[in-house]
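File shown: start_23.tsv (TSV, C-alpha atoms and all ligand atoms).
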```tsv
chain	number	residue	atom	x	y	z
S	12	MET	CA	55.37	69.29	22.70
S	13	ALA	CA	56.28	72.40	24.69
S	14	ALA	CA	57.74	71.82	28.17
S	15	PRO	CA	56.48	73.74	31.27
S	16	ASP	CA	59.67	75.82	31.17
S	17	ASP	CA	58.87	76.97	27.63
S	18	LEU	CA	55.61	78.44	28.92
S	19	SER	CA	57.29	80.40	31.70
S	20	VAL	CA	57.64	83.31	29.26
S	21	LEU	CA	53.86	83.79	29.36
S	22	VAL	CA	53.54	84.79	33.00
S	23	GLY	CA	57.23	85.55	33.55
S	24	SER	CA	57.51	88.45	31.08
S	25	GLY	CA	57.24	92.17	31.82
S	26	VAL	CA	55.74	92.94	28.41
S	27	LEU	CA	54.22	90.24	26.22
S	28	PHE	CA	53.03	91.09	22.69
S	29	VAL	CA	50.42	88.73	21.24
S	30	THR	CA	49.68	88.58	17.53
S	31	GLY	CA	48.38	86.27	14.80
S	32	LYS	CA	45.85	86.19	11.95
S	33	GLY	CA	42.42	87.76	12.58
S	34	GLY	CA	40.05	85.56	14.59
S	35	VAL	CA	42.64	83.02	15.80
S	36	GLY	CA	41.98	83.81	19.47
S	37	LYS	CA	44.48	86.60	20.23
S	38	THR	CA	42.20	88.48	22.58
S	39	THR	CA	40.89	85.35	24.30
S	40	LEU	CA	44.42	84.04	24.88
S	41	SER	CA	45.69	87.46	26.00
S	42	ALA	CA	42.89	87.50	28.57
S	43	ALA	CA	43.65	83.92	29.62
S	44	ILE	CA	47.37	84.64	30.04
S	45	GLY	CA	46.48	87.79	32.00
S	46	ARG	CA	44.19	85.88	34.34
S	47	LEU	CA	46.75	83.14	34.85
S	48	ALA	CA	49.47	85.68	35.71
S	49	ALA	CA	47.17	87.63	38.03
S	50	GLY	CA	46.38	84.36	39.81
S	51	GLN	CA	50.12	83.94	40.47
S	52	GLY	CA	50.09	87.31	42.23
S	53	LYS	CA	51.48	89.39	39.37
S	54	ARG	CA	49.93	92.83	38.88
S	55	THR	CA	48.78	92.38	35.30
S	56	LEU	CA	47.30	94.58	32.59
S	57	VAL	CA	45.73	93.23	29.40
S	58	LEU	CA	45.58	95.83	26.62
S	59	GLU	CA	43.72	96.03	23.36
S	60	VAL	CA	45.27	98.53	20.94
S	61	ASP	CA	42.94	101.06	19.35
S	62	ASN	CA	40.36	98.35	18.81
S	63	GLN	CA	37.08	99.69	17.37
S	64	HIS	CA	35.28	96.51	18.46
S	65	PRO	CA	36.98	95.52	21.69
S	66	THR	CA	36.45	91.94	22.87
S	67	LEU	CA	37.82	92.26	26.40
S	68	PRO	CA	34.54	93.78	27.70
S	69	ALA	CA	32.62	90.63	26.69
S	70	ILE	CA	35.19	88.43	28.43
S	71	PHE	CA	35.36	90.37	31.69
S	72	GLY	CA	31.86	91.90	31.72
S	73	THR	CA	33.29	95.43	32.11
S	74	PRO	CA	33.70	98.13	29.46
S	75	THR	CA	37.27	99.10	28.62
S	76	ALA	CA	38.59	102.65	28.49
S	77	TYR	CA	41.89	104.39	27.86
S	78	GLU	CA	42.72	104.31	31.56
S	79	PRO	CA	43.02	100.76	32.94
S	80	VAL	CA	40.16	99.45	35.09
S	81	GLU	CA	40.65	96.64	37.59
S	82	VAL	CA	38.34	93.74	36.77
S	83	GLU	CA	39.67	91.07	39.11
S	84	ARG	CA	42.26	90.91	41.85
S	85	ASN	CA	45.63	91.92	40.28
S	86	LEU	CA	44.07	92.14	36.82
S	87	SER	CA	43.23	95.30	34.86
S	88	ILE	CA	42.13	95.85	31.27
S	89	ALA	CA	42.29	98.85	28.90
S	90	ASN	CA	41.98	99.85	25.25
S	91	ILE	CA	44.64	102.30	24.05
S	92	ALA	CA	43.03	104.95	21.87
S	93	TRP	CA	45.19	107.11	19.64
S	94	ALA	CA	43.96	110.62	20.55
S	95	PRO	CA	44.55	110.47	24.35
S	96	ALA	CA	47.80	108.53	23.81
S	97	LEU	CA	49.02	111.33	21.55
S	98	GLU	CA	48.07	113.94	24.13
S	99	ASP	CA	49.95	112.02	26.84
S	100	TRP	CA	52.99	111.70	24.61
S	101	VAL	CA	53.05	115.43	23.77
S	102	GLU	CA	52.64	116.17	27.48
S	103	SER	CA	55.61	113.95	28.30
S	104	ILE	CA	57.69	116.14	26.00
S	105	VAL	CA	56.49	119.64	26.84
S	106	SER	CA	55.18	118.85	30.35
S	107	MET	CA	52.83	121.82	30.51
S	108	ARG	CA	49.17	120.97	30.19
S	109	ARG	CA	48.23	124.38	28.75
S	110	LEU	CA	50.91	124.14	26.12
S	111	VAL	CA	49.81	120.59	25.25
S	112	ARG	CA	46.30	121.85	24.50
S	113	LEU	CA	47.71	124.60	22.28
S	114	ILE	CA	49.88	122.15	20.41
S	115	MET	CA	47.06	119.66	19.98
S	116	LYS	CA	44.77	122.43	18.73
S	117	ASN	CA	47.32	123.45	16.13
S	118	ARG	CA	46.00	121.96	12.91
S	119	VAL	CA	49.39	121.76	11.27
S	120	VAL	CA	50.87	119.81	14.17
S	121	SER	CA	47.99	117.39	14.44
S	122	LEU	CA	47.95	116.91	10.68
S	123	PHE	CA	51.66	116.22	10.74
S	124	LEU	CA	51.23	113.59	13.42
S	125	GLN	CA	48.26	111.98	11.69
S	126	VAL	CA	49.96	111.63	8.33
S	127	THR	CA	53.56	110.95	9.33
S	128	PRO	CA	53.94	107.25	8.60
S	129	GLY	CA	54.15	105.32	11.81
S	130	ALA	CA	53.53	108.25	14.16
S	131	ARG	CA	50.28	106.70	15.27
S	132	ASP	CA	51.85	103.29	15.90
S	133	LEU	CA	54.81	104.82	17.65
S	134	VAL	CA	52.62	106.76	20.05
S	135	MET	CA	50.53	103.68	20.80
S	136	LEU	CA	53.64	101.63	21.57
S	137	TRP	CA	54.96	104.47	23.70
S	138	ARG	CA	51.76	104.33	25.78
S	139	THR	CA	52.21	100.55	26.20
S	140	HIS	CA	55.73	101.15	27.43
S	141	GLN	CA	54.55	103.87	29.79
S	142	LEU	CA	51.92	101.58	31.32
S	143	ALA	CA	54.49	98.80	31.72
S	144	SER	CA	56.14	100.73	34.54
S	145	ARG	CA	52.91	100.45	36.59
S	146	TYR	CA	52.48	96.66	36.27
S	147	ASP	CA	54.49	93.47	36.63
S	148	LEU	CA	53.14	92.21	33.31
S	149	VAL	CA	51.46	93.97	30.39
S	150	VAL	CA	49.91	91.63	27.82
S	151	VAL	CA	49.47	93.57	24.58
S	152	ASP	CA	46.77	92.14	22.32
S	153	LEU	CA	48.15	93.53	19.05
S	154	PRO	CA	46.26	93.95	15.76
S	155	ALA	CA	46.34	91.07	13.23
S	156	SER	CA	49.78	89.94	12.00
S	157	GLY	CA	50.46	92.28	9.04
S	158	ASN	CA	49.52	95.40	10.98
S	159	ALA	CA	51.31	94.16	14.07
S	160	VAL	CA	54.61	93.66	12.23
S	161	ALA	CA	54.24	97.15	10.70
S	162	MET	CA	53.55	98.59	14.16
S	163	LEU	CA	56.41	96.82	15.90
S	164	SER	CA	58.89	97.80	13.19
S	165	VAL	CA	58.15	101.55	13.46
S	166	PRO	CA	60.79	102.24	16.15
S	167	LEU	CA	63.46	100.75	13.85
S	168	THR	CA	62.32	102.93	10.94
S	169	ALA	CA	62.19	105.99	13.20
S	170	GLU	CA	65.71	105.25	14.38
S	171	ARG	CA	66.88	105.45	10.76
S	172	LEU	CA	64.88	108.57	9.87
S	173	PHE	CA	65.37	110.77	12.92
S	174	PRO	CA	68.94	111.46	14.07
S	175	SER	CA	67.66	113.27	17.18
S	176	GLY	CA	64.56	114.84	18.73
S	177	PRO	CA	61.52	113.50	20.56
S	178	ILE	CA	60.52	110.86	18.00
S	179	ARG	CA	64.06	109.48	18.01
S	180	ARG	CA	64.11	109.39	21.82
S	181	CYS	CA	60.78	107.58	21.84
S	182	ALA	CA	62.08	105.05	19.29
S	183	ASP	CA	65.24	104.47	21.33
S	184	GLU	CA	63.17	103.82	24.46
S	185	LEU	CA	61.07	101.27	22.60
S	186	LEU	CA	64.09	99.53	21.10
S	187	SER	CA	65.56	99.12	24.55
S	188	LEU	CA	62.21	97.69	25.66
S	189	TYR	CA	62.40	95.11	22.83
S	190	ALA	CA	65.93	94.17	23.84
S	191	ARG	CA	64.97	93.36	27.45
S	192	ARG	CA	65.09	89.70	28.46
S	193	ASP	CA	61.60	89.97	29.92
S	194	THR	CA	60.01	91.33	26.74
S	195	ALA	CA	58.69	88.82	24.20
S	196	ALA	CA	56.18	88.33	21.41
S	197	VAL	CA	54.10	85.18	20.89
S	198	LEU	CA	52.25	84.12	17.76
S	199	VAL	CA	48.82	82.51	17.83
S	200	ALA	CA	47.92	80.00	15.08
S	201	LEU	CA	45.14	77.57	14.23
S	202	PRO	CA	45.39	74.08	12.70
S	203	GLU	CA	44.43	75.41	9.25
S	204	GLU	CA	46.76	75.53	6.27
S	205	MET	CA	46.27	79.24	5.46
S	206	VAL	CA	46.74	80.25	9.08
S	207	VAL	CA	49.87	78.13	9.44
S	208	ASN	CA	51.29	79.74	6.26
S	209	GLU	CA	50.61	83.22	7.58
S	210	THR	CA	52.09	82.36	10.99
S	211	LEU	CA	55.33	81.14	9.41
S	212	GLU	CA	55.50	84.30	7.27
S	213	THR	CA	54.89	86.53	10.28
S	214	SER	CA	57.51	84.69	12.28
S	215	ALA	CA	60.08	85.28	9.51
S	216	LYS	CA	59.07	88.95	9.15
S	217	LEU	CA	59.37	89.57	12.89
S	218	LEU	CA	62.87	88.12	12.88
S	219	ARG	CA	63.82	90.22	9.86
S	220	ASP	CA	62.03	93.53	10.54
S	221	VAL	CA	61.81	93.75	14.32
S	222	ARG	CA	65.38	93.23	15.32
S	223	GLY	CA	65.97	92.42	18.94
S	224	LEU	CA	62.44	91.29	19.87
S	225	ARG	CA	62.33	87.66	21.04
S	226	VAL	CA	59.58	85.38	19.68
S	227	PRO	CA	60.06	82.35	21.90
S	228	LEU	CA	56.74	80.52	21.45
S	229	ILE	CA	53.89	79.73	19.10
S	230	LEU	CA	50.44	78.98	20.52
S	231	LEU	CA	48.44	76.56	18.38
S	232	ASN	CA	44.87	77.35	19.42
S	233	ARG	CA	41.64	75.41	18.79
S	234	ALA	CA	43.58	72.20	18.29
S	235	SER	CA	42.22	68.65	18.35
S	236	VAL	CA	44.51	66.39	20.31
S	237	PRO	CA	44.43	62.61	19.71
S	238	SER	CA	41.45	61.27	21.61
S	239	PHE	CA	40.63	57.83	20.14
S	240	THR	CA	41.56	54.67	22.00
S	241	ASP	CA	42.86	51.68	20.02
S	242	ALA	CA	39.49	49.98	20.51
S	243	GLU	CA	37.69	53.00	19.01
S	244	ARG	CA	40.04	53.02	16.06
S	245	SER	CA	39.36	49.33	15.40
S	246	LEU	CA	35.63	50.03	15.66
S	247	LEU	CA	35.91	52.79	13.04
S	248	ALA	CA	37.86	50.47	10.74
S	249	ALA	CA	35.25	47.75	11.24
S	250	LEU	CA	32.40	50.16	10.52
S	251	GLU	CA	34.12	51.27	7.37
S	252	ALA	CA	34.42	47.70	6.15
S	253	LEU	CA	30.67	47.15	6.54
S	254	PRO	CA	28.31	47.75	3.64
S	255	ILE	CA	26.41	50.50	5.45
S	256	GLY	CA	22.66	50.58	5.18
S	257	ASP	CA	22.16	51.66	8.77
S	258	PRO	CA	21.96	55.48	9.04
S	259	VAL	CA	23.18	55.50	12.67
S	260	ALA	CA	26.29	53.54	11.78
S	261	ALA	CA	26.87	55.91	8.85
S	262	ASP	CA	26.62	58.92	11.21
S	263	VAL	CA	29.02	57.37	13.73
S	264	LEU	CA	31.47	56.66	10.94
S	265	ALA	CA	31.20	60.20	9.53
S	266	ALA	CA	31.68	61.73	13.00
S	267	GLY	CA	34.66	59.47	13.66
S	268	ARG	CA	36.29	60.32	10.35
S	269	TRP	CA	35.66	64.04	10.93
S	270	GLU	CA	37.34	63.85	14.33
S	271	GLU	CA	40.24	61.95	12.78
S	272	SER	CA	40.67	64.61	10.10
S	273	LEU	CA	40.75	67.36	12.76
S	274	GLU	CA	43.39	65.46	14.71
S	275	ALA	CA	45.41	64.98	11.53
S	276	ALA	CA	45.16	68.73	10.78
S	277	THR	CA	46.50	69.51	14.26
S	278	ALA	CA	49.39	67.06	13.86
S	279	GLU	CA	50.27	68.55	10.47
S	280	ALA	CA	50.07	72.13	11.77
S	281	GLN	CA	52.34	71.21	14.68
S	282	THR	CA	54.93	69.67	12.35
S	283	ARG	CA	54.90	72.66	10.00
S	284	LEU	CA	54.99	75.26	12.78
S	285	LYS	CA	58.07	73.58	14.24
S	286	GLU	CA	59.84	74.74	11.04
S	287	ALA	CA	59.90	78.15	12.72
S	288	GLY	CA	62.27	76.61	15.26
S	289	ARG	CA	60.28	77.39	18.38
S	290	PRO	CA	58.25	75.30	20.82
S	291	VAL	CA	54.59	74.96	19.87
S	292	VAL	CA	52.03	75.04	22.69
S	293	VAL	CA	48.90	73.09	21.77
S	294	LEU	CA	45.64	74.47	23.21
S	295	PRO	CA	42.34	72.64	22.86
S	296	ALA	CA	39.28	73.72	20.94
S	297	VAL	CA	36.50	74.51	23.37
S	298	SER	CA	32.83	74.15	22.48
S	299	ARG	CA	31.58	77.21	20.58
S	300	ARG	CA	28.47	77.32	22.75
S	301	ASP	CA	30.52	78.11	25.82
S	302	GLY	CA	30.77	81.87	25.17
S	303	ALA	CA	33.73	84.21	25.60
S	304	ARG	CA	34.02	84.08	29.40
S	305	ARG	CA	33.92	80.33	29.73
S	306	THR	CA	36.18	79.78	26.73
S	307	THR	CA	38.73	82.07	28.37
S	308	GLN	CA	38.51	80.22	31.68
S	309	MET	CA	38.98	76.85	29.98
S	310	LEU	CA	42.07	78.19	28.25
S	311	VAL	CA	43.38	79.49	31.60
S	312	ALA	CA	43.03	75.93	32.92
S	313	ALA	CA	44.77	74.45	29.85
S	314	LEU	CA	47.64	76.96	30.07
S	315	ALA	CA	48.02	76.38	33.81
S	316	ARG	CA	48.22	72.62	33.32
S	317	LEU	CA	50.82	72.93	30.56
S	318	ALA	CA	52.86	75.48	32.55
S	319	GLY	CA	52.69	73.38	35.72
S	320	LEU	CA	50.86	76.15	37.59
S	321	ARG	CA	47.69	76.20	39.65
S	322	ALA	CA	44.74	77.72	37.75
S	323	PRO	CA	43.05	80.55	39.62
S	324	PRO	CA	39.33	80.03	40.32
S	325	ARG	CA	37.06	81.76	37.84
S	326	GLY	CA	36.56	85.46	38.52
S	327	ALA	CA	38.70	85.35	41.69
S	328	HIS	CA	38.56	88.66	43.50
M	1	LIG	N1	40.34	77.42	22.08
M	1	LIG	C1	39.18	77.89	21.62
M	1	LIG	N2	38.12	77.07	21.41
M	1	LIG	C2	36.95	77.54	20.94
M	1	LIG	N3	36.72	78.83	20.63
M	1	LIG	C3	37.73	79.70	20.81
M	1	LIG	C4	39.00	79.29	21.31
M	1	LIG	N4	39.80	80.39	21.35
M	1	LIG	C5	39.05	81.43	20.92
M	1	LIG	N5	37.81	81.04	20.60
M	1	LIG	C6	36.69	81.85	20.07
M	1	LIG	O1	37.07	82.31	18.78
M	1	LIG	C7	36.51	83.61	18.53
M	1	LIG	C8	37.64	84.56	18.14
M	1	LIG	O2	38.50	84.75	19.26
M	1	LIG	P1	39.19	86.16	19.54
M	1	LIG	O3	40.01	85.99	20.79
M	1	LIG	O4	38.21	87.27	19.52
M	1	LIG	O5	40.15	86.24	18.26
M	1	LIG	P2	41.07	87.45	17.74
M	1	LIG	O6	41.31	88.38	18.89
M	1	LIG	O7	42.31	86.78	17.26
M	1	LIG	O8	40.32	88.09	16.62
M	1	LIG	C9	35.81	84.01	19.82
M	1	LIG	O9	34.45	83.73	19.67
M	1	LIG	C10	36.44	83.11	20.88
M	1	LIG	O10	35.55	82.87	21.98
M	2	MG	MG	40.79	90.43	19.09
```
Once you've parsed the file, please lay out its structure as C-alpha cells.
Amino acid sequence: MAAPDDLSVLVGSGVLFVTGKGGVGKTTLSAAIGRLAAGQGKRTLVLEVDNQHPTLPAIFGTPTAYEPVEVERNLSIANIAWAPALEDWVESIVSMRRLVRLIMKNRVVSLFLQVTPGARDLVMLWRTHQLASRYDLVVVDLPASGNAVAMLSVPLTAERLFPSGPIRRCADELLSLYARRDTAAVLVALPEEMVVNETLETSAKLLRDVRGLRVPLILLNRASVPSFTDAERSLLAALEALPIGDPVAADVLAAGRWEESLEAATAEAQTRLKEAGRPVVVLPAVSRRDGARRTTQMLVAALARLAGLRAPPRGAH
C-alpha cells in the first residue's frame, strides 16, 4: 500500500509524465491529478500530446487547442500539435518571424524535419519544457507506453548523434529537465494480466532507455479493493454448499464469485507490480455509467484521500 508521502510526487512535481497501455485511464488520471494540484493552489497545465482524438475536452467541457486555455481556477488544458510546435521551435532558434516562415516554407527543410527520426518527438518534448516555465506543474498525458518510451528516449539518441547545433542544445535542455528532482514519470496499470506484463516491461525500458528520469510510482487504476465482510464470505460459502434450484440464490452466488475474482485479480496485480520495486497506488473502479467528468472527480477524491489532501469541490472556479 502506498503511503501519503509516496503520492506527494503527483502534486509536488514540476513536470509529471503519465504513460501506460492504451485505455488504462491515462488521460482521466492526468486530469484528476491536475485538478487535485490546482485545488492546492498550484498553477497547473494538463497536456495531451498530438492527440487526434483528445479526451480532455469531454472531461472539462471545453475544446483544447495548441495554446493552453484555463478551464478552472489554476487549471489549464492544451493539446500540443506538431506543426505549431515546430514553428515555435524554429522561431526560438532564428528568432525572426519572417525568417521562420521562409524556413518553414522551404520544402527541403520541412521534409528533413518530418523524416528525421525523432525530430517530431523532440520538438513536442521541447514545447512541453517551454510551457513548464509558465506553470508550477505540467502533467503530460503521453501516448501509450511503446510510443512514450520512444518519445522520451529521443533526447538521449540526439545527444549521441549530434555533437553540436540546435538539435543537440534542445536534447541537452531536455536531459537536464529529466534529471531535475521535481521531474518524474508515473505508469498507469489495470488489474489485468496483459496490462501488468506491459507495465513491467515499460518500467524496465524506461530505466534502461531513459536514463535519469525518475519513475517513482505506479498507479493501479480500476481496481477492486476487498469489500466483503466475514459474514458475507460465510454466506457465499453457505450458498455454494446448497444444491441450488433457486435462480435468485444462483445469481447472488455468481455475483459474489465475480466480485471475489475481481478482488483476487487486483491483489495479484498489486503483488506482481511490486516486482518493479516502486509503491503501487490502488485506485478504485468507478461505475462506467458515470461518464468522463464524474469518473475524473471520483478519482480526484480517491487521490486526495490517499495523499492526505483535501479534495477540491467539483468544477471549483
Ligand atoms: N477508475 C476508473 N473507473 C471506471 N472507469 C474509468 C476509470 N478510469 C478511467 N475510466 C474510463 O476508462 C476509459 C478510458 O480512460 P482514458 O483516460 O481515456 O484512457 P487512456 O487515456 O489511457 O486511453 C474512459 O471511458 C474513462 O472514463
Ligand atoms: Mg488518453
Can you build me a table of chain S residues sitting at most 8 Å from ligand LIG 1 (chain M), with the closest atom pair per residue and its distance in Å to one decimal, using all atoms listed in the file, sorted by chain and residue number, as a Markdown table?
```
| residue | atom | partner | partner_atom | distance |
| --- | --- | --- | --- | --- |
| S:Thr30 | CA | M:LIG1 | O7 | 7.6 |
| S:Gly31 | CA | M:LIG1 | O7 | 6.6 |
| S:Lys32 | CA | M:LIG1 | O7 | 6.4 |
| S:Gly33 | CA | M:LIG1 | O8 | 4.6 |
| S:Gly34 | CA | M:LIG1 | O8 | 3.3 |
| S:Val35 | CA | M:LIG1 | O7 | 4.0 |
| S:Gly36 | CA | M:LIG1 | O3 | 3.2 |
| S:Lys37 | CA | M:LIG1 | O7 | 3.7 |
| S:Thr38 | CA | M:LIG1 | O3 | 3.8 |
| S:Thr39 | CA | M:LIG1 | O3 | 3.7 |
| S:Leu40 | CA | M:LIG1 | O3 | 6.3 |
| S:Ser41 | CA | M:LIG1 | O3 | 7.8 |
| S:Thr66 | CA | M:LIG1 | O4 | 6.0 |
| S:Asp152 | CA | M:LIG1 | O6 | 7.5 |
| S:Ala155 | CA | M:LIG1 | O7 | 7.1 |
| S:Val199 | CA | M:LIG1 | O7 | 7.8 |
| S:Asn232 | CA | M:LIG1 | N1 | 5.3 |
| S:Arg233 | CA | M:LIG1 | N1 | 4.1 |
| S:Ala234 | CA | M:LIG1 | N1 | 7.2 |
| S:Leu294 | CA | M:LIG1 | N1 | 6.2 |
| S:Pro295 | CA | M:LIG1 | N1 | 5.2 |
| S:Ala296 | CA | M:LIG1 | N2 | 3.6 |
| S:Val297 | CA | M:LIG1 | N2 | 3.6 |
| S:Ser298 | CA | M:LIG1 | C2 | 5.6 |
| S:Arg299 | CA | M:LIG1 | N3 | 5.4 |
| S:Asp301 | CA | M:LIG1 | O10 | 7.9 |
| S:Gly302 | CA | M:LIG1 | O10 | 5.8 |
| S:Ala303 | CA | M:LIG1 | O10 | 4.3 |
| S:Arg304 | CA | M:LIG1 | O10 | 7.7 |
| S:Thr306 | CA | M:LIG1 | O10 | 5.7 |
| S:Thr307 | CA | M:LIG1 | O10 | 7.2 |
| S:Leu310 | CA | M:LIG1 | N1 | 6.5 |
```
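Selecting by distance to (54.9, 92.7, 34.6) with a limit of 8 Å and using only C-alpha atoms, one obtains Gly23, Ser24, Gly25, Val26, Lys53, Arg54, Thr55, Ala143, Tyr146, Asp147, Leu148 and Val149 of chain S.
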Enclose all atoms of segment 38-42 of chain S listed in the file in an axis-aligned box, grow every side by 3 Å, and hand back centre and edge lengths in Å to one decimal, as JSON.
```
{"center_x": 43.3, "center_y": 86.3, "center_z": 25.6, "size_x": 10.8, "size_y": 10.4, "size_z": 12.0}
```
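Put simply, atom CA of Glu184 of chain S is 10.8 Å away from atom CA of Leu133 of chain S.
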Determine the nearest neighbour of Val293 of chain S from the options S:Glu274, S:Glu78, S:Glu209, S:Glu251, counting all atoms listed in the file. S:Glu274
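Atom pair atom CA of Pro324 of chain S / atom CA of Ala49 of chain S has a distance of 11.2 Å (rounded to one decimal).
Atom pair atom CA of Val292 of chain S / atom CA of Val160 of chain S: separated by 21.5 Å.
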Regenerate segment 74-98 of chain S at the level of N, CA and C atoms and dump it as a PDB file, in the frame of the given file.
```pdb
ATOM      1  N   PRO S  74      33.201  97.381  30.626  1.00  0.00           N
ATOM      2  CA  PRO S  74      33.700  98.130  29.460  1.00  0.00           C
ATOM      3  C   PRO S  74      35.159  98.532  29.637  1.00  0.00           C
ATOM      4  N   THR S  75      35.884  98.632  28.529  1.00  0.00           N
ATOM      5  CA  THR S  75      37.270  99.100  28.620  1.00  0.00           C
ATOM      6  C   THR S  75      37.329 100.585  28.299  1.00  0.00           C
ATOM      7  N   ALA S  76      38.374 101.249  28.790  1.00  0.00           N
ATOM      8  CA  ALA S  76      38.590 102.650  28.490  1.00  0.00           C
ATOM      9  C   ALA S  76      40.089 102.848  28.313  1.00  0.00           C
ATOM     10  N   TYR S  77      40.479 104.087  28.022  1.00  0.00           N
ATOM     11  CA  TYR S  77      41.890 104.390  27.860  1.00  0.00           C
ATOM     12  C   TYR S  77      42.660 104.128  29.154  1.00  0.00           C
ATOM     13  N   GLU S  78      42.082 104.579  30.272  1.00  0.00           N
ATOM     14  CA  GLU S  78      42.720 104.310  31.560  1.00  0.00           C
ATOM     15  C   GLU S  78      42.352 102.903  32.010  1.00  0.00           C
ATOM     16  N   PRO S  79      43.319 102.134  32.506  1.00  0.00           N
ATOM     17  CA  PRO S  79      43.020 100.760  32.940  1.00  0.00           C
ATOM     18  C   PRO S  79      41.963 100.720  34.051  1.00  0.00           C
ATOM     19  N   VAL S  80      41.104  99.694  33.985  1.00  0.00           N
ATOM     20  CA  VAL S  80      40.160  99.450  35.090  1.00  0.00           C
ATOM     21  C   VAL S  80      40.450  98.052  35.646  1.00  0.00           C
ATOM     22  N   GLU S  81      40.396  97.946  36.975  1.00  0.00           N
ATOM     23  CA  GLU S  81      40.650  96.640  37.590  1.00  0.00           C
ATOM     24  C   GLU S  81      39.388  95.798  37.499  1.00  0.00           C
ATOM     25  N   VAL S  82      39.516  94.597  36.942  1.00  0.00           N
ATOM     26  CA  VAL S  82      38.340  93.740  36.770  1.00  0.00           C
ATOM     27  C   VAL S  82      38.347  92.555  37.721  1.00  0.00           C
ATOM     28  N   GLU S  83      39.527  92.166  38.159  1.00  0.00           N
ATOM     29  CA  GLU S  83      39.670  91.070  39.110  1.00  0.00           C
ATOM     30  C   GLU S  83      40.892  91.414  39.945  1.00  0.00           C
ATOM     31  N   ARG S  84      41.079  90.665  41.029  1.00  0.00           N
ATOM     32  CA  ARG S  84      42.260  90.910  41.850  1.00  0.00           C
ATOM     33  C   ARG S  84      43.527  90.813  40.985  1.00  0.00           C
ATOM     34  N   ASN S  85      44.349  91.851  41.037  1.00  0.00           N
ATOM     35  CA  ASN S  85      45.630  91.920  40.280  1.00  0.00           C
ATOM     36  C   ASN S  85      45.466  92.028  38.765  1.00  0.00           C
ATOM     37  N   LEU S  86      44.242  92.147  38.284  1.00  0.00           N
ATOM     38  CA  LEU S  86      44.070  92.140  36.820  1.00  0.00           C
ATOM     39  C   LEU S  86      43.272  93.358  36.339  1.00  0.00           C
ATOM     40  N   SER S  87      43.901  94.136  35.441  1.00  0.00           N
ATOM     41  CA  SER S  87      43.230  95.300  34.860  1.00  0.00           C
ATOM     42  C   SER S  87      43.168  95.148  33.345  1.00  0.00           C
ATOM     43  N   ILE S  88      42.221  95.868  32.728  1.00  0.00           N
ATOM     44  CA  ILE S  88      42.130  95.850  31.270  1.00  0.00           C
ATOM     45  C   ILE S  88      42.014  97.297  30.762  1.00  0.00           C
ATOM     46  N   ALA S  89      42.409  97.529  29.506  1.00  0.00           N
ATOM     47  CA  ALA S  89      42.290  98.850  28.900  1.00  0.00           C
ATOM     48  C   ALA S  89      42.304  98.714  27.389  1.00  0.00           C
ATOM     49  N   ASN S  90      41.911  99.783  26.711  1.00  0.00           N
ATOM     50  CA  ASN S  90      41.980  99.850  25.250  1.00  0.00           C
ATOM     51  C   ASN S  90      42.694 101.151  24.922  1.00  0.00           C
ATOM     52  N   ILE S  91      43.887 101.072  24.351  1.00  0.00           N
ATOM     53  CA  ILE S  91      44.640 102.300  24.050  1.00  0.00           C
ATOM     54  C   ILE S  91      44.047 102.974  22.833  1.00  0.00           C
ATOM     55  N   ALA S  92      43.524 104.190  23.012  1.00  0.00           N
ATOM     56  CA  ALA S  92      43.030 104.950  21.870  1.00  0.00           C
ATOM     57  C   ALA S  92      44.106 105.957  21.465  1.00  0.00           C
ATOM     58  N   TRP S  93      44.111 106.289  20.207  1.00  0.00           N
ATOM     59  CA  TRP S  93      45.190 107.110  19.640  1.00  0.00           C
ATOM     60  C   TRP S  93      45.176 108.540  20.177  1.00  0.00           C
ATOM     61  N   ALA S  94      43.988 109.189  20.194  1.00  0.00           N
ATOM     62  CA  ALA S  94      43.960 110.620  20.550  1.00  0.00           C
ATOM     63  C   ALA S  94      44.505 110.875  21.973  1.00  0.00           C
ATOM     64  N   PRO S  95      43.993 110.208  23.016  1.00  0.00           N
ATOM     65  CA  PRO S  95      44.550 110.470  24.350  1.00  0.00           C
ATOM     66  C   PRO S  95      46.003 110.015  24.500  1.00  0.00           C
ATOM     67  N   ALA S  96      46.392 108.971  23.742  1.00  0.00           N
ATOM     68  CA  ALA S  96      47.800 108.530  23.810  1.00  0.00           C
ATOM     69  C   ALA S  96      48.706 109.618  23.247  1.00  0.00           C
ATOM     70  N   LEU S  97      48.243 110.248  22.162  1.00  0.00           N
ATOM     71  CA  LEU S  97      49.020 111.330  21.550  1.00  0.00           C
ATOM     72  C   LEU S  97      49.164 112.501  22.523  1.00  0.00           C
ATOM     73  N   GLU S  98      48.037 112.831  23.172  1.00  0.00           N
ATOM     74  CA  GLU S  98      48.070 113.940  24.130  1.00  0.00           C
ATOM     75  C   GLU S  98      49.054 113.637  25.262  1.00  0.00           C
TER      76      GLU S  98
END
```
